[in-house]
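Chemist: So that we are looking at the same thing, I have put the structure below in structure tokens.
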Amino acid sequence: MNFFLTTDLVIGVNEALSLTKHLGELKSQRPGIIYDAVLEENLYFRDVKAALSAKCPDAFFYCNEFKGEPTYSHLENTAEHFRGSGVDCIVAIGGGSTMDLGKGVALLMTNNVPALSLKGFPSDVHDPLPLLTVPSLPGSGAEVSYNAVFIDEDAGRKLGINSRKNFPKKAIVDPVLSMSAPLEAVVSSAMDSLVHCVDSFGSVKHTPLSRIFSVEGFRRSFYALQQNQLDRAESRIDLCIGSVCGTVALMNSGDGPTNGFAYYLGVRHKVPHGMAGAIFLKEVMRYNLSHGYDRYASLNAAPLQGTLREGAEELLSEMDDLYRQLSIPNLVPYGYGSGNAAEFAREASGALQGSFGGNPVPFDGESAEYVVTRLIQ
């Protein structure tokens with residue numbers, strides 16, 4: 001069994017106001033700050049930025065106005081903005097895309113090569129600049145992950161730069177930063193956590209230790225969404241912990257069909273990744289249960305009273321209620337019906353064999369069609 005986690009983690013309300021203290025621990029004199037453009041309207045972020053400017057007068061700021069997930073060309077342009085600036089550390093404040101951008105920039109600052117040449121799992125690269133991540137939404141888990149997603153525009157594919165050298169040195173998780181975000185964005189991001197937890201739990205590559213994180217992450221995220229009390233920063237601590245747990249579990253096991261479907265739908269229809277995963281999550285779980293996989297019962301926080309199958313069925317019933325509460329859509333709003341469901345399943349199957357292979361029961365094109373068909377009814 002192998003298990004790894006390299007990032008120092010601090011979670012706390014108002015912790016982002018102490019960024020300069022954490023930068024001091026990294027011995028940074030001139031940090032490069034990359035932040036989401038949407039945070040410009042966040043009053044709390046303004047306080048965070050003002051504190052950084054006052055205590056780090058040499059900080060070099062860059063507002064990331066790019067919409068959606070970053071492309072390799074956008075990474076190139078952003079890295080060029082920082083070259084020659086003399087920054088000794090990168091701070092990425094925002095959603096998963098901005099944190100991924102920070103990972104790419106930190107790596108390109110010490111590796112003067114085309115960004116596209118680093119796609120996949122690059123080896124023989126120099127250590128990047130130290131990276132400090134500050135998520136503005138709990139869910140993607142990018143704050144503690146070495147994976148960084150980038151889109152190859154020419155190929156029309158979502159790839160990435162995945163090197164363990166990408167691990168942030170430190171992650172500062174402050175739920176107050178998420179309080180100005182639209183509730184639908186918070187829900188989408190939290191659903192991303194659930195996908196990470198479920199996929200990693202069922203992965204054929206799971207370990208006893210990774211499952212501890214899968215279970216804890218699922219229970220905290222699911223409970224926080226069920227209670228529908230996300231109007232206080234303190235109430236979002238569970239979402240923050242669930243986000244970290246889900247990503248740590250996923251890194252140490254592997255994904256499954258849900259995450260694969262989410263990437264495919266997200267690229268084709270620009271659906272936020274968390275919501276794209278949510279669309280498929282419950283039906284993939286139901287497919288697995290119908291084919292004998294009843295271990296999902298362990299994700300339920302309630303003490304098990306009956307058989308494993310009964311426990312898994314109870315959890316899926318609770319998920320049905322949660323989906324109605326949160327108005328999670330099916331595939332119909334994205335233009336799918338009986339006329340093109342089979343085509344969608346076929347194309348997704350051809351592109352996602354790696355993700356399908358992680359499923360706890362055999363999953364193929366017919367399985368994909370089963371799931372897609374249930375999502376157009």
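Numbering starts fresh at 1 for the residues of each chain in the structure tokens, the chains themselves are lettered A, B, ... in the order given, and ligands are numbered from 1 as they appear.
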Determine, counting only C-alpha atoms, which protein, DNA and RNA residues have an atom within 12 Å of an atom of A:Ser123; residues of the same chain fewer than 5 positions away are not included. Present the result as a VMD selection string.
Modeler: chain A and resid 111 117 to 118 161 to 166
Chemist: Limited to N, CA and C atoms, could you put the picked residues into a file as a PDB file, in the first residue's frame?
Modeler:
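Ended up saving to out-v4.pdb:
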ATOM      1  N   ASN A 111      11.254  26.265 -15.774  1.00  0.00           N
ATOM      2  CA  ASN A 111      11.424  25.401 -16.945  1.00  0.00           C
ATOM      3  C   ASN A 111      11.002  26.207 -18.177  1.00  0.00           C
ATOM      4  N   SER A 117       4.609  21.175 -24.168  1.00  0.00           N
ATOM      5  CA  SER A 117       5.603  20.105 -24.069  1.00  0.00           C
ATOM      6  C   SER A 117       5.554  19.419 -22.708  1.00  0.00           C
ATOM      7  N   LEU A 118       4.855  20.029 -21.739  1.00  0.00           N
ATOM      8  CA  LEU A 118       4.762  19.454 -20.403  1.00  0.00           C
ATOM      9  C   LEU A 118       3.473  18.666 -20.186  1.00  0.00           C
ATOM     10  N   ILE A 161      -1.040  18.986 -16.864  1.00  0.00           N
ATOM     11  CA  ILE A 161       0.366  18.860 -16.495  1.00  0.00           C
ATOM     12  C   ILE A 161       0.375  18.209 -15.129  1.00  0.00           C
ATOM     13  N   ASN A 162       0.770  16.958 -15.076  1.00  0.00           N
ATOM     14  CA  ASN A 162       0.616  16.160 -13.860  1.00  0.00           C
ATOM     15  C   ASN A 162       1.973  15.665 -13.381  1.00  0.00           C
ATOM     16  N   SER A 163       2.579  16.459 -12.543  1.00  0.00           N
ATOM     17  CA  SER A 163       3.871  16.104 -11.962  1.00  0.00           C
ATOM     18  C   SER A 163       3.760  16.247 -10.452  1.00  0.00           C
ATOM     19  N   ARG A 164       4.326  15.304  -9.732  1.00  0.00           N
ATOM     20  CA  ARG A 164       4.278  15.434  -8.272  1.00  0.00           C
ATOM     21  C   ARG A 164       5.039  16.657  -7.790  1.00  0.00           C
ATOM     22  N   LYS A 165       5.845  17.232  -8.654  1.00  0.00           N
ATOM     23  CA  LYS A 165       6.503  18.480  -8.276  1.00  0.00           C
ATOM     24  C   LYS A 165       5.520  19.647  -8.227  1.00  0.00           C
ATOM     25  N   ASN A 166       4.315  19.430  -8.756  1.00  0.00           N
ATOM     26  CA  ASN A 166       3.278  20.465  -8.731  1.00  0.00           C
ATOM     27  C   ASN A 166       2.656  20.655  -7.349  1.00  0.00           C
TER      28      ASN A 166
END
Chemist: Skipping near chain neighbours, those fewer than 3 positions away, what residues fall within 12 Å of A:Asn147 using only C-alpha atoms, listed as a ChimeraX atom specification?
Modeler: /A:96-97,99-104,119-122,140-144,150,159-168,247-248,250-251
Chemist: Keeping only N, CA and C atoms, write the selected residues to a file as a tab-separated table (two decimals), in the first residue's frame.
Modeler:
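Writing done, so here's result36.tsv:
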chain	number	residue	atom	x	y	z
A	96	GLY	N	-10.62	26.15	-8.89
A	96	GLY	CA	-9.68	25.12	-9.33
A	96	GLY	C	-8.89	25.52	-10.55
A	97	SER	N	-9.51	26.26	-11.48
A	97	SER	CA	-8.80	26.65	-12.70
A	97	SER	C	-7.66	27.61	-12.40
A	99	MET	N	-6.08	27.89	-9.51
A	99	MET	CA	-5.03	27.16	-8.79
A	99	MET	C	-4.23	26.28	-9.74
A	100	ASP	N	-4.90	25.69	-10.73
A	100	ASP	CA	-4.17	24.92	-11.75
A	100	ASP	C	-3.24	25.84	-12.54
A	101	LEU	N	-3.74	27.03	-12.87
A	101	LEU	CA	-2.91	28.00	-13.57
A	101	LEU	C	-1.67	28.34	-12.75
A	102	GLY	N	-1.86	28.50	-11.44
A	102	GLY	CA	-0.73	28.77	-10.56
A	102	GLY	C	0.30	27.66	-10.59
A	103	LYS	N	-0.16	26.40	-10.64
A	103	LYS	CA	0.77	25.27	-10.71
A	103	LYS	C	1.58	25.33	-12.00
A	104	GLY	N	0.88	25.63	-13.11
A	104	GLY	CA	1.58	25.69	-14.38
A	104	GLY	C	2.59	26.82	-14.44
A	119	LYS	N	2.66	18.52	-21.23
A	119	LYS	CA	1.38	17.84	-21.05
A	119	LYS	C	1.59	16.38	-20.65
A	120	GLY	N	0.60	15.87	-19.96
A	120	GLY	CA	0.69	14.49	-19.49
A	120	GLY	C	1.42	14.40	-18.18
A	121	PHE	N	2.42	13.53	-18.12
A	121	PHE	CA	3.18	13.30	-16.89
A	121	PHE	C	4.66	13.57	-17.17
A	122	PRO	N	5.04	14.85	-17.20
A	122	PRO	CA	6.41	15.19	-17.58
A	122	PRO	C	7.43	14.71	-16.56
A	140	SER	N	-13.14	21.46	-5.56
A	140	SER	CA	-12.25	20.90	-6.57
A	140	SER	C	-11.09	20.15	-5.94
A	141	GLY	N	-10.65	20.59	-4.76
A	141	GLY	CA	-9.52	19.96	-4.10
A	141	GLY	C	-8.19	20.28	-4.74
A	142	ALA	N	-8.19	21.21	-5.71
A	142	ALA	CA	-6.94	21.56	-6.40
A	142	ALA	C	-5.90	22.12	-5.44
A	143	GLU	N	-6.35	22.59	-4.28
A	143	GLU	CA	-5.42	23.19	-3.33
A	143	GLU	C	-4.42	22.19	-2.77
A	144	VAL	N	-4.73	20.90	-2.81
A	144	VAL	CA	-3.80	19.90	-2.27
A	144	VAL	C	-3.39	18.86	-3.31
A	150	PHE	N	-5.41	21.43	-18.15
A	150	PHE	CA	-5.32	22.43	-19.21
A	150	PHE	C	-5.94	21.86	-20.48
A	159	LEU	N	-6.49	17.95	-21.13
A	159	LEU	CA	-5.33	17.16	-20.74
A	159	LEU	C	-4.83	17.68	-19.40
A	160	GLY	N	-3.55	18.01	-19.30
A	160	GLY	CA	-3.05	18.53	-18.04
A	160	GLY	C	-1.55	18.43	-17.95
A	161	ILE	N	-1.04	18.99	-16.86
A	161	ILE	CA	0.37	18.86	-16.50
A	161	ILE	C	0.37	18.21	-15.13
A	162	ASN	N	0.77	16.96	-15.08
A	162	ASN	CA	0.62	16.16	-13.86
A	162	ASN	C	1.97	15.66	-13.38
A	163	SER	N	2.58	16.46	-12.54
A	163	SER	CA	3.87	16.10	-11.96
A	163	SER	C	3.76	16.25	-10.45
A	164	ARG	N	4.33	15.30	-9.73
A	164	ARG	CA	4.28	15.43	-8.27
A	164	ARG	C	5.04	16.66	-7.79
A	165	LYS	N	5.84	17.23	-8.65
A	165	LYS	CA	6.50	18.48	-8.28
A	165	LYS	C	5.52	19.65	-8.23
A	166	ASN	N	4.32	19.43	-8.76
A	166	ASN	CA	3.28	20.47	-8.73
A	166	ASN	C	2.66	20.65	-7.35
A	167	PHE	N	2.91	19.75	-6.43
A	167	PHE	CA	2.25	19.86	-5.13
A	167	PHE	C	2.49	21.24	-4.52
A	168	PRO	N	1.41	21.94	-4.12
A	168	PRO	CA	1.61	23.20	-3.40
A	168	PRO	C	2.38	22.96	-2.11
A	247	THR	N	-10.18	14.72	-2.52
A	247	THR	CA	-9.07	14.81	-3.45
A	247	THR	C	-7.89	13.95	-3.01
A	248	VAL	N	-7.61	13.93	-1.71
A	248	VAL	CA	-6.54	13.07	-1.20
A	248	VAL	C	-6.85	11.61	-1.50
A	250	LEU	N	-8.77	10.48	-3.95
A	250	LEU	CA	-8.70	10.26	-5.39
A	250	LEU	C	-7.25	10.13	-5.86
A	251	MET	N	-6.36	10.96	-5.32
A	251	MET	CA	-4.95	10.88	-5.70
A	251	MET	C	-4.35	9.53	-5.34
Chemist: Of the residues A:Thr7, A:Ser53, A:Asn42, A:Asn14, which is the one nearest to A:Pro175, using only C-alpha atoms?
Modeler: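 Going through A:Thr7, A:Ser53, A:Asn42, A:Asn14 one by one, the smallest distance to A:Pro175 is for A:Asn14.
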Chemist: With stretch 235-243 of chain A as the partner and 8 Å as the cut-off, tabulate the residues of stretch 145-206 of chain A that qualify, each row holding the nearest pair of atoms and their distance in Å to one decimal, using only C-alpha atoms, sorted by chain and rising number, as JSON lines.
Modeler:
{"residue": "A:Val173", "atom": "CA", "partner": "A:Cys240", "partner_atom": "CA", "distance": 7.1}
{"residue": "A:Pro175", "atom": "CA", "partner": "A:Arg236", "partner_atom": "CA", "distance": 6.0}
{"residue": "A:Ala190", "atom": "CA", "partner": "A:Leu239", "partner_atom": "CA", "distance": 6.5}
{"residue": "A:Ser193", "atom": "CA", "partner": "A:Ser243", "partner_atom": "CA", "distance": 5.1}
Chemist: Deliver the residues from the most recent selection as a file, using C-alpha atoms, as a PDB file, in the first residue's frame.
Modeler:
ATOM      1  CA  VAL A 173      -8.437  27.137   3.232  1.00  0.00           C
ATOM      2  CA  PRO A 175     -14.478  29.433   3.942  1.00  0.00           C
ATOM      3  CA  ALA A 190     -19.527  20.489  -3.287  1.00  0.00           C
ATOM      4  CA  SER A 193     -16.313  16.522  -3.708  1.00  0.00           C
TER       5      SER A 193
END
Chemist: Within 9 Å of stretch 182-189 of chain A, counting only C-alpha atoms, which residues qualify if same-chain residues fewer than 6 places away don't, as a PyMOL selection string?
Modeler: chain A and resi 137-140+225+230+243+272-278+326
Chemist: Assign secondary structure with DSSP using the backbone only, and return the residues of stretch 148-371 of chain A in strand (DSSP E) as a list of chain:residue names.
Modeler: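 Listing strand (DSSP E) positions across stretch 148-371 of chain A yields A:Ile151, A:Asp152, A:Arg157, A:Lys158, A:Lys170, A:Ala171, A:Ile172, A:Val173.
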Chemist: Which neighbours of A:Arg157 fall inside 12 Å, counting only C-alpha atoms, when residues of the same chain fewer than 2 positions from it are skipped, and could you give them as a list in words?
Modeler: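 Counting only C-alpha atoms, the residues come to Glu69, Pro70, Thr71, Tyr72, Lys119, Gly120, Val149, Phe150, Ile151, Asp152, Glu153, Asp154, Ala155, Leu159, Gly160, Tyr263, Tyr264, Leu265, Gly266, Val267, Arg268, Ala351 and Leu352 of chain A.
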Chemist: Can I get the selection written as an mmCIF file, in the first residue's frame, with N, CA and C atoms?
Modeler:
data_model
loop_
_atom_site.group_PDB
_atom_site.id
_atom_site.type_symbol
_atom_site.label_atom_id
_atom_site.label_comp_id
_atom_site.auth_asym_id
_atom_site.auth_seq_id
_atom_site.Cartn_x
_atom_site.Cartn_y
_atom_site.Cartn_z
ATOM 1 N N GLU A 69 -11.923 26.723 -17.933
ATOM 2 C CA GLU A 69 -10.663 26.059 -17.602
ATOM 3 C C GLU A 69 -9.545 26.551 -18.512
ATOM 4 N N PRO A 70 -8.336 26.704 -17.980
ATOM 5 C CA PRO A 70 -7.262 27.334 -18.757
ATOM 6 C C PRO A 70 -6.785 26.459 -19.907
ATOM 7 N N THR A 71 -6.353 27.121 -20.958
ATOM 8 C CA THR A 71 -5.737 26.443 -22.091
ATOM 9 C C THR A 71 -4.215 26.530 -21.941
ATOM 10 N N TYR A 72 -3.513 25.733 -22.723
ATOM 11 C CA TYR A 72 -2.053 25.802 -22.696
ATOM 12 C C TYR A 72 -1.565 27.164 -23.188
ATOM 13 N N LYS A 119 2.663 18.522 -21.229
ATOM 14 C CA LYS A 119 1.378 17.841 -21.052
ATOM 15 C C LYS A 119 1.588 16.382 -20.654
ATOM 16 N N GLY A 120 0.597 15.871 -19.955
ATOM 17 C CA GLY A 120 0.689 14.490 -19.492
ATOM 18 C C GLY A 120 1.416 14.395 -18.176
ATOM 19 N N VAL A 149 -5.230 20.807 -14.693
ATOM 20 C CA VAL A 149 -5.957 20.568 -15.937
ATOM 21 C C VAL A 149 -5.767 21.743 -16.893
ATOM 22 N N PHE A 150 -5.415 21.429 -18.155
ATOM 23 C CA PHE A 150 -5.321 22.428 -19.212
ATOM 24 C C PHE A 150 -5.943 21.856 -20.476
ATOM 25 N N ILE A 151 -6.488 22.730 -21.306
ATOM 26 C CA ILE A 151 -7.156 22.295 -22.529
ATOM 27 C C ILE A 151 -6.258 22.546 -23.731
ATOM 28 N N ASP A 152 -6.100 21.508 -24.532
ATOM 29 C CA ASP A 152 -5.394 21.622 -25.802
ATOM 30 C C ASP A 152 -6.424 22.046 -26.846
ATOM 31 N N GLU A 153 -6.401 23.313 -27.217
ATOM 32 C CA GLU A 153 -7.430 23.850 -28.117
ATOM 33 C C GLU A 153 -7.391 23.186 -29.491
ATOM 34 N N ASP A 154 -6.211 22.930 -30.002
ATOM 35 C CA ASP A 154 -6.107 22.331 -31.340
ATOM 36 C C ASP A 154 -6.697 20.923 -31.366
ATOM 37 N N ALA A 155 -6.415 20.163 -30.316
ATOM 38 C CA ALA A 155 -6.923 18.785 -30.254
ATOM 39 C C ALA A 155 -8.338 18.714 -29.697
ATOM 40 N N LEU A 159 -6.490 17.948 -21.134
ATOM 41 C CA LEU A 159 -5.329 17.164 -20.737
ATOM 42 C C LEU A 159 -4.828 17.682 -19.397
ATOM 43 N N GLY A 160 -3.548 18.005 -19.303
ATOM 44 C CA GLY A 160 -3.054 18.531 -18.044
ATOM 45 C C GLY A 160 -1.553 18.435 -17.950
ATOM 46 N N TYR A 263 -15.909 14.983 -17.330
ATOM 47 C CA TYR A 263 -14.960 15.629 -18.231
ATOM 48 C C TYR A 263 -15.538 15.708 -19.640
ATOM 49 N N TYR A 264 -16.152 14.641 -20.079
ATOM 50 C CA TYR A 264 -16.672 14.595 -21.445
ATOM 51 C C TYR A 264 -17.802 15.602 -21.636
ATOM 52 N N LEU A 265 -18.780 15.612 -20.739
ATOM 53 C CA LEU A 265 -19.905 16.541 -20.844
ATOM 54 C C LEU A 265 -19.437 17.982 -20.657
ATOM 55 N N GLY A 266 -18.491 18.185 -19.742
ATOM 56 C CA GLY A 266 -17.999 19.527 -19.475
ATOM 57 C C GLY A 266 -17.342 20.159 -20.679
ATOM 58 N N VAL A 267 -16.517 19.398 -21.387
ATOM 59 C CA VAL A 267 -15.829 19.918 -22.565
ATOM 60 C C VAL A 267 -16.825 20.192 -23.688
ATOM 61 N N ARG A 268 -17.785 19.299 -23.891
ATOM 62 C CA ARG A 268 -18.710 19.436 -25.021
ATOM 63 C C ARG A 268 -19.728 20.544 -24.817
ATOM 64 N N ALA A 351 -13.874 7.513 -25.543
ATOM 65 C CA ALA A 351 -12.904 8.476 -25.016
ATOM 66 C C ALA A 351 -12.496 8.189 -23.574
ATOM 67 N N LEU A 352 -13.255 7.346 -22.884
ATOM 68 C CA LEU A 352 -13.087 7.273 -21.431
ATOM 69 C C LEU A 352 -12.794 5.872 -20.904
#
Chemist: Looking only at helix (DSSP H, G or I) from DSSP on the backbone, list the matching residues of stretch 8-245 of chain A as a VMD selection string.
Modeler: chain A and resid 15 to 25 37 to 41 43 to 55 72 to 82 96 to 108 115 to 118 142 to 144 164 to 166 175 to 178 183 to 202 208 to 227 233 to 245
Chemist: Which residues are close to stretch 355-368 of chain A, i.e. within 10 Å by only C-alpha atoms, leaving aside same-chain residues fewer than 6 positions away? Reply as a compact mmCIF listing (two decimals) with C-alpha atoms, in the first residue's frame.
Modeler:
# COMPACT_ATOMS: atom_id res chain seq x y z
CA ASP A 199 -15.21 7.34 -7.35
CA SER A 200 -12.20 6.85 -5.10
CA PHE A 201 -14.18 4.67 -2.67
CA GLY A 202 -15.24 2.28 -5.42
CA SER A 203 -12.00 2.43 -7.41
CA VAL A 204 -10.36 -0.90 -8.10
CA LYS A 205 -7.14 0.79 -6.92
CA HIS A 206 -8.46 1.90 -3.53
CA SER A 253 -6.71 5.45 -5.62
CA GLY A 254 -8.17 6.45 -8.97
CA ASP A 255 -11.34 7.73 -10.59
CA GLY A 256 -14.26 5.98 -12.23
CA PRO A 257 -16.98 6.49 -14.85
CA THR A 258 -18.58 9.48 -13.11
CA ASN A 259 -15.46 11.61 -13.29
CA GLY A 260 -14.91 10.49 -16.87
CA PHE A 261 -18.46 11.39 -17.91
CA VAL A 284 -23.52 5.27 -11.94
CA MET A 285 -23.94 4.28 -8.30
CA TYR A 287 -25.88 0.81 -11.98
CA ASN A 288 -23.16 -0.60 -9.74
CA LEU A 289 -25.66 -1.54 -7.04
CA HIS A 291 -24.79 -5.35 -10.56
CA GLY A 292 -24.03 -6.49 -7.04
CA TYR A 293 -21.82 -3.70 -5.66
CA ARG A 295 -20.30 -1.42 -0.50
CA ALA A 341 -28.49 9.10 -26.18
CA ALA A 342 -26.85 6.05 -27.75
CA PHE A 344 -23.46 10.15 -26.60
CA ALA A 345 -22.83 6.87 -24.75
CA ARG A 346 -20.82 5.47 -27.66
CA GLU A 347 -18.62 8.56 -28.03
CA ALA A 348 -18.08 8.84 -24.28
CA SER A 349 -17.13 5.16 -24.09
Chemist: Tell me, as a VMD selection string, which residues lie within 12 Å of A:Glu314, counting only C-alpha atoms; anything in the same chain fewer than 6 positions away does not count.
Modeler: chain A and resid 286 289 294 296 to 308 320 to 321
Chemist: What is the atom CA of A:Val176-atom CA of A:Gly94 distance in Å, reported with one decimal?
Modeler: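 Taking atom CA of A:Val176 as the start and atom CA of A:Gly94 as the end point, the length is 12.3 Å.
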Chemist: Between A:Leu17, A:Ile212, A:Cys56, A:Leu316, which has the minimum distance to A:Val87 (counting only C-alpha atoms)?
Modeler: A:Cys56
Chemist: Using only C-alpha atoms, pick whichever of A:Cys197, A:Leu315, A:Leu281, A:Val10 has the shortest atom-to-atom distance to A:Gly217.
Modeler: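 For A:Gly217, the nearest of the candidates is A:Cys197.
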Chemist: Taking only C-alpha atoms into account, which of A:Tyr323, A:Tyr334, A:Phe218, A:Tyr223 comes nearest A:His269?
Modeler: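 Between A:Tyr323, A:Tyr334, A:Phe218, A:Tyr223, the residue approaching A:His269 most closely is A:Tyr334.
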